[in-house]
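One file, query11.tsv, carrying TSV, C-alpha atoms:
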```
chain	number	residue	atom	x	y	z
A	168	MET	CA	24.39	-6.44	-20.21
A	169	LYS	CA	24.06	-9.33	-17.76
A	170	ILE	CA	23.11	-9.80	-14.14
A	171	VAL	CA	26.18	-11.02	-12.25
A	172	SER	CA	24.81	-11.17	-8.70
A	173	ILE	CA	21.63	-10.89	-6.63
A	174	ASP	CA	22.12	-10.38	-2.91
A	175	PHE	CA	19.50	-9.88	-0.22
A	176	PHE	CA	19.70	-8.66	3.35
A	177	PRO	CA	16.97	-8.93	6.00
A	178	LEU	CA	16.33	-5.52	7.56
A	179	ASN	CA	15.35	-4.90	11.16
A	180	LEU	CA	12.93	-1.97	11.10
A	181	LEU	CA	12.62	-0.24	14.44
A	182	ALA	CA	9.51	1.53	15.72
A	183	PRO	CA	10.15	4.63	17.85
A	184	SER	CA	10.02	3.82	21.55
A	185	ASP	CA	7.24	6.37	22.11
A	186	ALA	CA	4.99	5.09	19.30
A	187	GLY	CA	2.81	3.16	21.71
A	188	THR	CA	2.26	0.20	19.38
A	189	ASP	CA	2.37	-2.20	22.34
A	190	ALA	CA	0.25	-0.10	24.70
A	191	SER	CA	-2.94	-1.58	26.11
A	192	ALA	CA	-6.37	-0.23	25.20
A	193	ASP	CA	-6.65	1.41	28.62
A	194	GLU	CA	-3.27	3.11	28.19
A	195	GLN	CA	-4.16	4.30	24.69
A	196	ALA	CA	-7.35	5.90	25.99
A	197	SER	CA	-5.20	8.66	27.50
A	198	PHE	CA	-3.03	9.22	24.40
A	199	THR	CA	-2.87	12.69	22.84
A	200	PRO	CA	-3.49	13.17	19.08
A	201	GLU	CA	0.28	13.46	18.60
A	202	MET	CA	0.86	10.13	20.37
A	203	LEU	CA	-1.90	8.43	18.39
A	204	ALA	CA	-0.54	9.85	15.13
A	205	ALA	CA	2.79	8.18	15.93
A	206	ARG	CA	1.05	4.83	16.54
A	207	ARG	CA	0.85	3.20	13.14
A	208	TYR	CA	2.25	-0.23	12.45
A	209	ALA	CA	4.24	-2.95	14.08
A	210	PRO	CA	7.45	-3.32	12.03
A	211	PRO	CA	7.00	-5.49	8.92
A	212	GLU	CA	9.37	-8.24	7.89
A	213	THR	CA	11.44	-6.92	5.03
A	214	ALA	CA	14.62	-7.45	3.02
A	215	LEU	CA	16.80	-5.32	0.77
A	216	VAL	CA	17.62	-6.80	-2.65
A	217	ILE	CA	20.73	-5.64	-4.53
A	218	ILE	CA	21.06	-6.66	-8.18
A	219	LYS	CA	24.43	-6.00	-9.81
A	220	ALA	CA	25.10	-5.90	-13.55
A	221	ASP	CA	28.38	-6.71	-15.30
A	222	ASP	CA	29.15	-3.01	-15.78
A	223	GLY	CA	29.01	-2.43	-12.00
A	224	THR	CA	25.57	-0.78	-11.93
A	225	GLU	CA	23.47	-1.73	-8.90
A	226	GLY	CA	19.69	-1.67	-8.48
A	227	TYR	CA	17.92	-1.68	-5.13
A	228	GLY	CA	14.63	-3.37	-4.28
A	229	ASP	CA	12.68	-3.84	-1.08
A	230	GLY	CA	10.37	-6.73	-0.31
A	231	ALA	CA	8.13	-6.38	2.72
A	232	THR	CA	5.62	-8.84	4.06
A	233	LEU	CA	3.12	-8.98	6.88
A	234	PRO	CA	2.58	-12.71	7.57
A	235	HIS	CA	-1.01	-12.21	8.76
A	236	TYR	CA	-1.83	-10.16	5.67
A	237	LEU	CA	0.21	-11.53	2.77
A	238	GLY	CA	0.75	-15.10	3.96
A	239	HIS	CA	4.56	-15.02	3.90
A	240	GLY	CA	7.15	-14.41	6.61
A	241	ILE	CA	10.75	-13.35	6.13
A	242	GLY	CA	11.92	-16.99	5.88
A	243	SER	CA	9.53	-17.73	3.02
A	244	MET	CA	10.46	-14.50	1.28
A	245	LEU	CA	14.20	-15.21	1.49
A	246	ASP	CA	13.58	-18.71	0.16
A	247	TRP	CA	11.72	-17.31	-2.84
A	248	LEU	CA	14.40	-14.69	-3.46
A	249	GLY	CA	16.87	-17.55	-3.65
A	250	ARG	CA	14.65	-19.36	-6.16
A	251	PHE	CA	14.44	-16.25	-8.33
A	252	ARG	CA	18.18	-15.68	-8.12
A	253	SER	CA	18.82	-19.18	-9.45
A	254	VAL	CA	17.04	-18.37	-12.73
A	255	LEU	CA	17.96	-14.69	-13.15
A	256	VAL	CA	21.75	-14.53	-12.81
A	257	GLY	CA	23.09	-14.22	-16.36
A	258	GLU	CA	19.89	-12.64	-17.71
A	259	ASP	CA	19.65	-9.17	-19.28
A	260	PRO	CA	18.42	-6.80	-16.52
A	261	LEU	CA	17.03	-4.36	-19.10
A	262	ASN	CA	14.62	-6.98	-20.44
A	263	ILE	CA	11.97	-6.40	-17.80
A	264	ALA	CA	9.38	-8.55	-19.56
A	265	GLY	CA	11.91	-11.37	-19.77
A	266	ILE	CA	12.79	-11.05	-16.07
A	267	HIS	CA	9.13	-11.42	-15.12
A	268	HIS	CA	8.70	-14.32	-17.53
A	269	ARG	CA	11.56	-16.14	-15.80
A	270	MET	CA	10.10	-15.44	-12.34
A	271	GLU	CA	6.61	-16.52	-13.38
A	272	ALA	CA	8.05	-19.81	-14.63
A	273	VAL	CA	9.08	-20.62	-11.05
A	274	ALA	CA	6.30	-18.88	-9.13
A	275	SER	CA	2.95	-19.43	-10.78
A	276	ILE	CA	2.28	-23.13	-11.05
A	277	GLY	CA	-1.06	-23.41	-9.29
A	278	VAL	CA	-1.10	-21.01	-6.33
A	279	PRO	CA	1.24	-18.05	-7.04
A	280	GLY	CA	4.58	-17.91	-5.31
A	281	CYS	CA	5.76	-15.09	-3.08
A	282	ARG	CA	4.62	-11.84	-4.67
A	283	PRO	CA	6.52	-9.61	-2.19
A	284	ALA	CA	9.78	-11.32	-3.21
A	285	GLN	CA	8.89	-10.96	-6.89
A	286	ALA	CA	8.11	-7.29	-6.30
A	287	ALA	CA	11.49	-6.75	-4.63
A	288	ILE	CA	13.29	-8.16	-7.70
A	289	ASP	CA	11.06	-6.04	-9.96
A	290	MET	CA	11.88	-2.89	-7.96
A	291	ALA	CA	15.62	-3.51	-8.14
A	292	ILE	CA	15.42	-4.15	-11.90
A	293	TYR	CA	13.59	-0.87	-12.51
A	294	ASP	CA	16.07	1.00	-10.31
A	295	LEU	CA	18.99	-0.52	-12.21
A	296	ALA	CA	17.41	0.19	-15.60
A	297	GLY	CA	16.75	3.81	-14.65
A	298	LYS	CA	20.39	4.25	-13.67
A	299	VAL	CA	21.59	2.68	-16.92
A	300	HIS	CA	19.33	4.94	-19.01
A	301	GLY	CA	20.00	7.99	-16.82
A	302	CYS	CA	16.32	8.65	-16.07
A	303	PRO	CA	13.89	8.37	-13.15
A	304	VAL	CA	11.78	5.23	-12.98
A	305	TYR	CA	8.57	7.13	-13.76
A	306	GLU	CA	9.99	7.82	-17.22
A	307	LEU	CA	10.55	4.08	-17.73
A	308	LEU	CA	6.88	3.61	-16.82
A	309	GLY	CA	5.78	5.97	-19.60
A	310	GLY	CA	6.24	9.42	-18.08
A	311	SER	CA	4.65	11.42	-15.29
A	312	TYR	CA	1.54	13.55	-14.88
A	313	ARG	CA	3.01	15.15	-11.74
A	314	GLN	CA	5.97	15.04	-9.37
A	315	GLU	CA	4.02	16.39	-6.38
A	316	LEU	CA	1.42	14.08	-4.88
A	317	GLU	CA	-1.26	14.59	-2.23
A	318	LEU	CA	-1.10	12.30	0.79
A	319	GLN	CA	-3.48	10.09	2.73
A	320	THR	CA	-2.90	8.59	6.17
A	321	GLN	CA	-4.61	6.22	8.59
A	322	MET	CA	-6.39	7.22	11.77
A	323	HIS	CA	-6.08	5.49	15.12
A	324	GLY	CA	-8.11	6.04	18.27
A	325	HIS	CA	-10.64	4.40	20.59
A	326	THR	CA	-13.20	7.20	20.75
A	327	VAL	CA	-14.70	9.58	18.23
A	328	ASP	CA	-12.98	12.49	19.97
A	329	GLN	CA	-9.61	10.72	19.74
A	330	LEU	CA	-10.15	9.95	16.06
A	331	LEU	CA	-11.12	13.52	15.32
A	332	GLY	CA	-8.04	14.72	17.17
A	333	VAL	CA	-5.85	12.60	14.89
A	334	CYS	CA	-7.85	13.75	11.84
A	335	ASN	CA	-7.30	17.39	12.71
A	336	TYR	CA	-3.63	16.73	13.44
A	337	TYR	CA	-3.11	15.55	9.86
A	338	VAL	CA	-5.50	17.99	8.16
A	339	GLU	CA	-3.56	20.86	9.79
A	340	ARG	CA	-0.42	19.39	8.24
A	341	GLY	CA	-1.82	19.45	4.71
A	342	PHE	CA	-3.10	15.90	4.25
A	343	THR	CA	-6.17	15.63	2.01
A	344	GLY	CA	-6.97	11.93	2.50
A	345	LEU	CA	-7.78	9.93	5.64
A	346	LYS	CA	-8.52	6.26	6.25
A	347	LEU	CA	-10.86	5.22	9.06
A	348	LYS	CA	-10.69	1.57	10.18
A	349	VAL	CA	-13.84	-0.34	11.17
A	350	GLY	CA	-14.87	-3.99	11.39
A	351	SER	CA	-11.99	-5.37	13.46
A	352	GLN	CA	-14.21	-6.35	16.39
A	353	LEU	CA	-16.85	-7.83	14.10
A	354	ARG	CA	-14.16	-9.83	12.32
A	355	GLN	CA	-12.65	-11.07	15.59
A	356	HIS	CA	-15.76	-11.79	17.64
A	357	GLY	CA	-18.52	-12.30	15.09
A	358	TYR	CA	-21.71	-10.31	14.68
A	359	SER	CA	-23.43	-8.65	17.60
A	360	LYS	CA	-25.73	-5.64	17.51
A	361	ALA	CA	-23.54	-3.84	20.04
A	362	LEU	CA	-20.41	-4.19	17.89
A	363	PHE	CA	-22.32	-3.29	14.73
A	364	ASP	CA	-23.78	-0.19	16.39
A	365	ALA	CA	-20.37	0.83	17.75
A	366	ASP	CA	-18.85	0.82	14.25
A	367	ALA	CA	-21.80	2.68	12.73
A	368	ASP	CA	-21.69	5.28	15.50
A	369	LYS	CA	-17.93	5.70	15.11
A	370	VAL	CA	-18.22	6.36	11.37
A	371	ALA	CA	-21.16	8.74	11.78
A	372	GLY	CA	-19.46	10.61	14.63
A	373	VAL	CA	-16.33	11.23	12.58
A	374	MET	CA	-18.11	12.01	9.30
A	375	ALA	CA	-20.35	14.61	10.95
A	376	ARG	CA	-17.38	16.75	11.93
A	377	LEU	CA	-14.87	16.36	9.09
A	378	PRO	CA	-14.41	19.00	6.34
A	379	HIS	CA	-16.07	17.92	3.10
A	380	HIS	CA	-12.94	18.47	1.01
A	381	ILE	CA	-11.16	15.65	2.88
A	382	GLN	CA	-11.35	12.25	1.18
A	383	VAL	CA	-12.28	9.61	3.77
A	384	ASP	CA	-12.04	5.89	3.02
A	385	VAL	CA	-13.85	3.80	5.64
A	386	ASP	CA	-11.87	0.56	5.55
A	387	ALA	CA	-13.43	-2.60	6.99
A	388	ASN	CA	-10.61	-4.94	5.87
A	389	GLN	CA	-13.21	-7.60	4.91
A	390	GLY	CA	-14.74	-7.38	8.40
A	391	ILE	CA	-18.46	-7.00	7.60
A	392	MET	CA	-20.28	-10.30	7.18
A	393	ASN	CA	-22.44	-9.68	4.09
A	394	ALA	CA	-23.71	-7.03	1.71
A	395	LYS	CA	-26.99	-6.38	3.53
A	396	MET	CA	-25.18	-5.68	6.79
A	397	ALA	CA	-22.82	-3.31	5.02
A	398	VAL	CA	-25.73	-1.52	3.36
A	399	ALA	CA	-27.51	-1.19	6.71
A	400	MET	CA	-24.43	0.28	8.37
A	401	PHE	CA	-23.65	2.85	5.70
A	402	GLU	CA	-27.28	3.71	5.04
A	403	ARG	CA	-27.41	4.72	8.69
A	404	VAL	CA	-24.32	6.88	8.19
A	405	ARG	CA	-25.87	8.41	5.07
A	406	ARG	CA	-29.01	9.39	6.99
A	407	THR	CA	-27.30	10.79	10.06
A	408	ALA	CA	-23.96	12.20	8.88
A	409	PHE	CA	-23.66	12.28	5.09
A	410	HIS	CA	-20.16	13.13	3.90
A	411	PRO	CA	-19.93	13.72	0.13
A	412	ASN	CA	-16.28	12.62	-0.06
A	413	MET	CA	-16.61	9.29	1.77
A	414	ALA	CA	-15.95	5.85	0.24
A	415	ILE	CA	-16.41	2.29	1.56
A	416	GLU	CA	-13.28	0.16	1.34
A	417	GLN	CA	-13.33	-3.66	1.15
A	418	PRO	CA	-16.29	-4.29	3.49
A	419	LEU	CA	-16.65	-7.97	2.45
A	420	HIS	CA	-14.44	-10.98	1.81
A	421	HIS	CA	-12.03	-10.39	-1.07
A	422	LEU	CA	-13.74	-13.06	-3.21
A	423	ASP	CA	-17.26	-11.65	-2.73
A	424	LEU	CA	-17.34	-9.53	-5.87
A	425	ALA	CA	-21.11	-10.04	-6.26
A	426	GLY	CA	-21.64	-8.64	-2.76
A	427	HIS	CA	-19.55	-5.57	-3.49
A	428	ALA	CA	-21.47	-5.04	-6.74
A	429	GLN	CA	-24.71	-5.19	-4.72
A	430	ILE	CA	-23.41	-2.52	-2.32
A	431	ARG	CA	-22.49	-0.31	-5.28
A	432	ARG	CA	-26.03	-0.56	-6.62
A	433	MET	CA	-27.71	0.17	-3.29
A	434	LEU	CA	-25.61	3.02	-1.85
A	435	PRO	CA	-24.44	6.38	-3.19
A	436	PHE	CA	-20.91	5.94	-1.78
A	437	PRO	CA	-18.05	4.69	-3.98
A	438	VAL	CA	-16.90	1.15	-3.27
A	439	VAL	CA	-13.13	0.64	-3.05
A	440	LEU	CA	-11.53	-2.82	-3.31
A	441	ASP	CA	-8.15	-3.53	-1.76
A	442	GLU	CA	-7.51	-7.16	-0.78
A	443	ALA	CA	-9.39	-8.30	-3.89
A	444	VAL	CA	-6.73	-6.75	-6.16
A	445	THR	CA	-4.16	-9.53	-6.47
A	446	SER	CA	-3.27	-9.55	-10.19
A	447	PRO	CA	-4.27	-8.11	-13.58
A	448	THR	CA	-6.53	-11.15	-14.07
A	449	ALA	CA	-8.27	-10.47	-10.75
A	450	MET	CA	-8.70	-6.85	-11.85
A	451	LEU	CA	-10.48	-8.00	-15.00
A	452	GLN	CA	-12.92	-10.01	-12.88
A	453	ILE	CA	-13.61	-6.92	-10.76
A	454	VAL	CA	-14.38	-4.96	-13.93
A	455	ARG	CA	-16.64	-7.69	-15.32
A	456	MET	CA	-18.60	-7.88	-12.06
A	457	GLU	CA	-18.85	-4.07	-11.81
A	458	ALA	CA	-17.66	-4.48	-8.22
A	459	ALA	CA	-15.59	-1.32	-7.67
A	460	ASP	CA	-15.43	2.41	-8.30
A	461	ARG	CA	-11.83	2.56	-7.14
A	462	ILE	CA	-9.11	0.17	-6.01
A	463	VAL	CA	-6.18	0.26	-3.61
A	464	LEU	CA	-3.13	-1.04	-5.44
A	465	LYS	CA	-0.18	-2.46	-3.49
A	466	PRO	CA	2.66	-3.30	-5.91
A	467	ASN	CA	4.23	-5.84	-3.54
A	468	ARG	CA	0.93	-7.77	-3.39
A	469	VAL	CA	0.73	-8.11	-7.19
A	470	GLY	CA	4.41	-8.73	-7.96
A	471	GLY	CA	5.87	-5.30	-8.65
A	472	LEU	CA	5.61	-2.34	-11.00
A	473	TRP	CA	5.35	-4.44	-14.17
A	474	PRO	CA	1.98	-6.06	-13.26
A	475	ALA	CA	0.91	-2.93	-11.34
A	476	ARG	CA	1.04	-0.83	-14.50
A	477	ARG	CA	-1.11	-3.41	-16.30
A	478	ILE	CA	-3.69	-3.10	-13.52
A	479	VAL	CA	-3.59	0.70	-13.77
A	480	GLU	CA	-4.23	0.49	-17.52
A	481	ILE	CA	-7.23	-1.80	-17.00
A	482	CYS	CA	-8.62	0.63	-14.43
A	483	GLU	CA	-8.08	3.72	-16.56
A	484	ALA	CA	-9.76	2.05	-19.54
A	485	SER	CA	-12.71	1.09	-17.30
A	486	GLY	CA	-13.20	4.39	-15.47
A	487	ILE	CA	-12.04	2.95	-12.14
A	488	GLY	CA	-9.89	5.07	-9.82
A	489	VAL	CA	-6.57	3.90	-8.39
A	490	SER	CA	-5.25	4.67	-4.89
A	491	LEU	CA	-1.83	3.56	-3.64
A	492	ASP	CA	-1.01	2.35	-0.15
A	493	THR	CA	2.32	2.33	1.68
A	494	MET	CA	4.16	-0.94	1.47
A	495	PRO	CA	7.03	-1.89	1.84
A	496	PHE	CA	7.18	0.77	4.62
A	497	THR	CA	10.69	2.05	3.86
A	498	LEU	CA	12.01	5.14	2.11
A	499	LEU	CA	12.87	2.99	-0.92
A	500	GLY	CA	9.42	1.39	-0.99
A	501	ASP	CA	7.52	4.65	-0.60
A	502	THR	CA	9.68	6.29	-3.28
A	503	MET	CA	8.78	3.43	-5.63
A	504	LEU	CA	5.11	3.97	-4.81
A	505	CYS	CA	5.33	7.68	-5.65
A	506	HIS	CA	7.01	6.93	-8.99
A	507	LEU	CA	4.03	4.74	-9.82
A	508	GLY	CA	1.62	7.41	-8.56
A	509	ALA	CA	3.22	9.97	-10.85
A	510	THR	CA	2.17	7.89	-13.87
A	511	ILE	CA	-1.54	7.56	-12.95
A	512	LYS	CA	-3.76	10.05	-14.77
A	513	HIS	CA	-6.44	10.58	-12.10
A	514	HIS	CA	-4.72	11.31	-8.80
A	515	TYR	CA	-6.10	10.30	-5.42
A	516	PRO	CA	-4.22	11.02	-2.18
A	517	LEU	CA	-1.80	8.16	-1.61
A	518	ASP	CA	-0.28	6.72	1.54
A	519	ALA	CA	3.49	7.06	1.22
A	520	GLN	CA	4.65	7.94	4.71
A	521	GLY	CA	5.09	4.44	6.12
A	522	HIS	CA	8.86	4.97	6.19
A	523	THR	CA	8.49	7.88	8.62
A	524	PHE	CA	7.31	5.49	11.35
A	525	PHE	CA	10.50	3.39	11.41
A	526	ALA	CA	14.19	3.82	12.04
A	527	GLY	CA	17.19	1.60	11.36
A	528	THR	CA	17.13	1.46	7.55
A	529	PRO	CA	20.18	2.04	5.30
A	530	PHE	CA	18.36	4.37	2.87
A	531	SER	CA	18.76	8.07	2.05
A	532	GLY	CA	17.54	10.35	-0.74
A	533	GLY	CA	14.34	9.46	-2.56
A	534	VAL	CA	10.92	11.03	-2.01
A	535	LYS	CA	10.58	14.08	0.23
A	536	ILE	CA	7.47	14.67	2.34
A	537	ASP	CA	6.49	18.19	3.33
A	538	ASN	CA	3.21	19.92	4.21
A	539	GLY	CA	1.06	16.92	3.34
A	540	ARG	CA	2.71	16.41	-0.05
A	541	ALA	CA	5.23	13.95	-1.48
A	542	HIS	CA	7.83	15.43	-3.84
A	543	LEU	CA	9.78	13.44	-6.43
A	544	GLY	CA	13.06	14.50	-7.99
A	545	GLY	CA	14.59	13.58	-11.33
A	546	ALA	CA	17.52	11.43	-10.18
A	547	PRO	CA	18.17	8.23	-12.16
A	548	GLY	CA	16.33	5.16	-10.94
A	549	PHE	CA	14.60	5.82	-7.63
A	550	GLY	CA	17.31	8.22	-6.48
A	551	VAL	CA	17.78	6.26	-3.24
A	552	ALA	CA	21.25	5.56	-1.84
A	553	VAL	CA	22.17	2.61	0.41
A	554	ASP	CA	24.74	2.86	3.20
A	555	PRO	CA	26.63	-0.47	3.11
A	556	GLU	CA	27.78	0.04	6.68
A	557	LEU	CA	24.19	-0.39	7.85
A	558	LEU	CA	23.65	-3.73	6.08
A	559	PRO	CA	23.75	-6.82	8.31
A	560	GLY	CA	26.69	-9.10	7.58
A	561	ARG	CA	28.33	-6.84	5.03
```
Can you turn what I pasted into structure tokens?
Amino acid sequence: MKIVSIDFFPLNLLAPSDAGTDASADEQASFTPEMLAARRYAPPETALVIIKADDGTEGYGDGATLPHYLGHGIGSMLDWLGRFRSVLVGEDPLNIAGIHHRMEAVASIGVPGCRPAQAAIDMAIYDLAGKVHGCPVYELLGGSYRQELELQTQMHGHTVDQLLGVCNYYVERGFTGLKLKVGSQLRQHGYSKALFDADADKVAGVMARLPHHIQVDVDANQGIMNAKMAVAMFERVRRTAFHPNMAIEQPLHHLDLAGHAQIRRMLPFPVVLDEAVTSPTAMLQIVRMEAADRIVLKPNRVGGLWPARRIVEICEASGIGVSLDTMPFTLLGDTMLCHLGATIKHHYPLDAQGHTFFAGTPFSGGVKIDNGRAHLGGAPGFGVAVDPELLPGR
């Protein structure tokens, strides 16, 4: 079997008009929990990849990027998809190791190339291989522990009462994991006691009133300056509003593994690393530094399911938990994420509802979300269909 064509189509994801993503802070102060729950992301820049084999089988992949977060825009991603196409047409699509070897030969001299583009190719290859073998992708990855997965979601709000309203909105709908964002003002404006106190008070105010069975990851997105500041903030939370199911996610710069190890030693809360997890090699450094109790794994940040499974194996051998986070924000991308989640032995609630915040995609089928759970079927590949009428220029 040979690859005969690789085509890619930029997608224009549309946020609902009532999502309020462009509303000012003053306008958002009057939002209801339902309105805040609908306010999630600005649309990412994404492209559909279609890989066709010489027997007519097609595989679908989805590469999404947030320029401020992953360092690539749609132009860069399309350029890299073209580079990968130039070395992959004519190759055997069932040789997944060989496909990645060919991509690495173009992408990893010095600074790595565009991992979201590599992940999109990887996704399409797995989808194609599953269709050829007549099995779901999770079977290609070694089999599943489950086909029903608990869900996590992010919270938005300007006050503790608003945040709790959004929390309750999702808890009532069956979600067992929540993510609370802090550190954005510290990251933007630099340290001040007022900003530090505001974040500490926000966390404590929410933790004091959330059910203890809900997993809460307090995510600073690298926004806290150093380990001692992070320890001071969460020690204050521990004293005033201890929550036994709370974790601290990426408080420091992604390269500060020593600082995260220090936080682990000084606080009783698990430390979760997200932006630090860029490759299997980076994961080994995290293990060596004893810097994490759990990680957040984004397949499109590490280059797809092939390297993601290697990271999962390192974590499972080291007693480190693995959470998964929505990206690429489409039905195809979230379905891929759930196939990976099905193969992880120790299950944490995962974020796989990014696709529910956007319209205008050509996808149908795939993962089903109901009552705070994601449900996978047994269709070959990812079980996602593409409507060609909704593809630009086709």
What does the distance between atom CA of A:Ser531 and atom CA of A:Ala287 come to in Å, to one decimal place?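 Separation between atom CA of A:Ser531 and atom CA of A:Ala287: 17.8 Å.
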Which residues of stretch 294-354 of chain A have any atom within 9 Å of an atom in stretch 209-232 of chain A when counting all atoms listed in the file, and what is the closest pair of atoms for each, with the distance in Å to one decimal? Order the rows by chain and rising number and write it as a tab-separated table.
```
residue	atom	partner	partner_atom	distance
A:Asp294	CA	A:Gly226	CA	4.9
A:Leu295	CA	A:Gly226	CA	4.0
A:Ala296	CA	A:Gly226	CA	7.7
A:Gly297	CA	A:Gly226	CA	8.8
A:Lys298	CA	A:Thr224	CA	7.4
A:Val299	CA	A:Thr224	CA	7.3
```
Write a file of the just-selected residues containing C-alpha atoms, as a PDB file, in the frame of the given file.
```pdb
ATOM      1  CA  ASP A 294      16.070   1.000 -10.310  1.00  0.00           C
ATOM      2  CA  LEU A 295      18.990  -0.520 -12.210  1.00  0.00           C
ATOM      3  CA  ALA A 296      17.410   0.190 -15.600  1.00  0.00           C
ATOM      4  CA  GLY A 297      16.750   3.810 -14.650  1.00  0.00           C
ATOM      5  CA  LYS A 298      20.390   4.250 -13.670  1.00  0.00           C
ATOM      6  CA  VAL A 299      21.590   2.680 -16.920  1.00  0.00           C
TER       7      VAL A 299
END
```
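Across the structure, atom CA of A:Ile462 and atom CA of A:Val489 are spaced 5.1 Å apart.
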Have a look at atom CA of A:Gly324 and atom CA of A:Leu203 and let me know their distance in Å, one decimal.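 Going from atom CA of A:Gly324 over to atom CA of A:Leu203 covers 6.7 Å.
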Using only C-alpha atoms, which protein or nucleic acid residues come within 8 Å of A:Leu419? Drop anything in the same chain fewer than 4 positions from it, and give the result as a ChimeraX atom specification. /A:387-394,423,426-427
Please list, as an mmCIF file with C-alpha atoms, in the coordinates of the input, the residues that have an atom at most 12 Å away from (-21.4, -1.0, 19.1) in the coordinates of this file, counting only C-alpha atoms.
```cif
data_model
loop_
_atom_site.group_PDB
_atom_site.id
_atom_site.type_symbol
_atom_site.label_atom_id
_atom_site.label_comp_id
_atom_site.auth_asym_id
_atom_site.auth_seq_id
_atom_site.Cartn_x
_atom_site.Cartn_y
_atom_site.Cartn_z
ATOM 1 C CA THR A 326 -13.200 7.200 20.750
ATOM 2 C CA VAL A 349 -13.840 -0.340 11.170
ATOM 3 C CA GLY A 350 -14.870 -3.990 11.390
ATOM 4 C CA SER A 351 -11.990 -5.370 13.460
ATOM 5 C CA GLN A 352 -14.210 -6.350 16.390
ATOM 6 C CA LEU A 353 -16.850 -7.830 14.100
ATOM 7 C CA TYR A 358 -21.710 -10.310 14.680
ATOM 8 C CA SER A 359 -23.430 -8.650 17.600
ATOM 9 C CA LYS A 360 -25.730 -5.640 17.510
ATOM 10 C CA ALA A 361 -23.540 -3.840 20.040
ATOM 11 C CA LEU A 362 -20.410 -4.190 17.890
ATOM 12 C CA PHE A 363 -22.320 -3.290 14.730
ATOM 13 C CA ASP A 364 -23.780 -0.190 16.390
ATOM 14 C CA ALA A 365 -20.370 0.830 17.750
ATOM 15 C CA ASP A 366 -18.850 0.820 14.250
ATOM 16 C CA ALA A 367 -21.800 2.680 12.730
ATOM 17 C CA ASP A 368 -21.690 5.280 15.500
ATOM 18 C CA LYS A 369 -17.930 5.700 15.110
ATOM 19 C CA VAL A 370 -18.220 6.360 11.370
ATOM 20 C CA MET A 400 -24.430 0.280 8.370
#
```
Name the residues in contact with A:Met494 at a cut-off of 8 Å, using only C-alpha atoms, excluding same-chain residues fewer than 2 positions from it; report them as a count of residues only. 10
Among listed residues A:Ser172, A:Asn179, A:Thr407, A:Gln285, nearest A:Pro559 (using only C-alpha atoms):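 Smallest distance to A:Pro559 is found for A:Asn179.
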Would you kindly identify which residues have an atom no farther than 12 Å from (-23.9, -3.1, -4.6), using all atoms listed in the file and the file's own coordinates, and write them out as a PyMOL selection string? chain A and resi 393-398+401+415+418-419+423-439+456-460
So that I have them on file, write out the residues from the current selection with C-alpha atoms, as a short mmCIF file (atom, residue, chain, number, x, y, z; two decimals), in the coordinates of the input.
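Okay, this is what ended up in out-v2.cif:
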```cif
data_model
loop_
_atom_site.label_atom_id
_atom_site.label_comp_id
_atom_site.auth_asym_id
_atom_site.auth_seq_id
_atom_site.Cartn_x
_atom_site.Cartn_y
_atom_site.Cartn_z
CA ASN A 393 -22.44 -9.68 4.09
CA ALA A 394 -23.71 -7.03 1.71
CA LYS A 395 -26.99 -6.38 3.53
CA MET A 396 -25.18 -5.68 6.79
CA ALA A 397 -22.82 -3.31 5.02
CA VAL A 398 -25.73 -1.52 3.36
CA PHE A 401 -23.65 2.85 5.70
CA ILE A 415 -16.41 2.29 1.56
CA PRO A 418 -16.29 -4.29 3.49
CA LEU A 419 -16.65 -7.97 2.45
CA ASP A 423 -17.26 -11.65 -2.73
CA LEU A 424 -17.34 -9.53 -5.87
CA ALA A 425 -21.11 -10.04 -6.26
CA GLY A 426 -21.64 -8.64 -2.76
CA HIS A 427 -19.55 -5.57 -3.49
CA ALA A 428 -21.47 -5.04 -6.74
CA GLN A 429 -24.71 -5.19 -4.72
CA ILE A 430 -23.41 -2.52 -2.32
CA ARG A 431 -22.49 -0.31 -5.28
CA ARG A 432 -26.03 -0.56 -6.62
CA MET A 433 -27.71 0.17 -3.29
CA LEU A 434 -25.61 3.02 -1.85
CA PRO A 435 -24.44 6.38 -3.19
CA PHE A 436 -20.91 5.94 -1.78
CA PRO A 437 -18.05 4.69 -3.98
CA VAL A 438 -16.90 1.15 -3.27
CA VAL A 439 -13.13 0.64 -3.05
CA MET A 456 -18.60 -7.88 -12.06
CA GLU A 457 -18.85 -4.07 -11.81
CA ALA A 458 -17.66 -4.48 -8.22
CA ALA A 459 -15.59 -1.32 -7.67
CA ASP A 460 -15.43 2.41 -8.30
#
```
Please complete stretch 403-407 of chain A with N, CA and C atoms and give it back as a PDB file, in the coordinates of the input.
```pdb
ATOM      1  N   ARG A 403     -27.255   3.977   7.447  1.00  0.00           N
ATOM      2  CA  ARG A 403     -27.410   4.720   8.690  1.00  0.00           C
ATOM      3  C   ARG A 403     -26.470   5.936   8.723  1.00  0.00           C
ATOM      4  N   VAL A 404     -25.254   5.751   8.272  1.00  0.00           N
ATOM      5  CA  VAL A 404     -24.320   6.880   8.190  1.00  0.00           C
ATOM      6  C   VAL A 404     -24.835   7.921   7.209  1.00  0.00           C
ATOM      7  N   ARG A 405     -25.349   7.463   6.076  1.00  0.00           N
ATOM      8  CA  ARG A 405     -25.870   8.410   5.070  1.00  0.00           C
ATOM      9  C   ARG A 405     -26.989   9.265   5.644  1.00  0.00           C
ATOM     10  N   ARG A 406     -27.874   8.651   6.439  1.00  0.00           N
ATOM     11  CA  ARG A 406     -29.010   9.390   6.990  1.00  0.00           C
ATOM     12  C   ARG A 406     -28.599  10.371   8.079  1.00  0.00           C
ATOM     13  N   THR A 407     -27.608   9.983   8.874  1.00  0.00           N
ATOM     14  CA  THR A 407     -27.300  10.790  10.060  1.00  0.00           C
ATOM     15  C   THR A 407     -26.107  11.715   9.895  1.00  0.00           C
TER      16      THR A 407
END
```
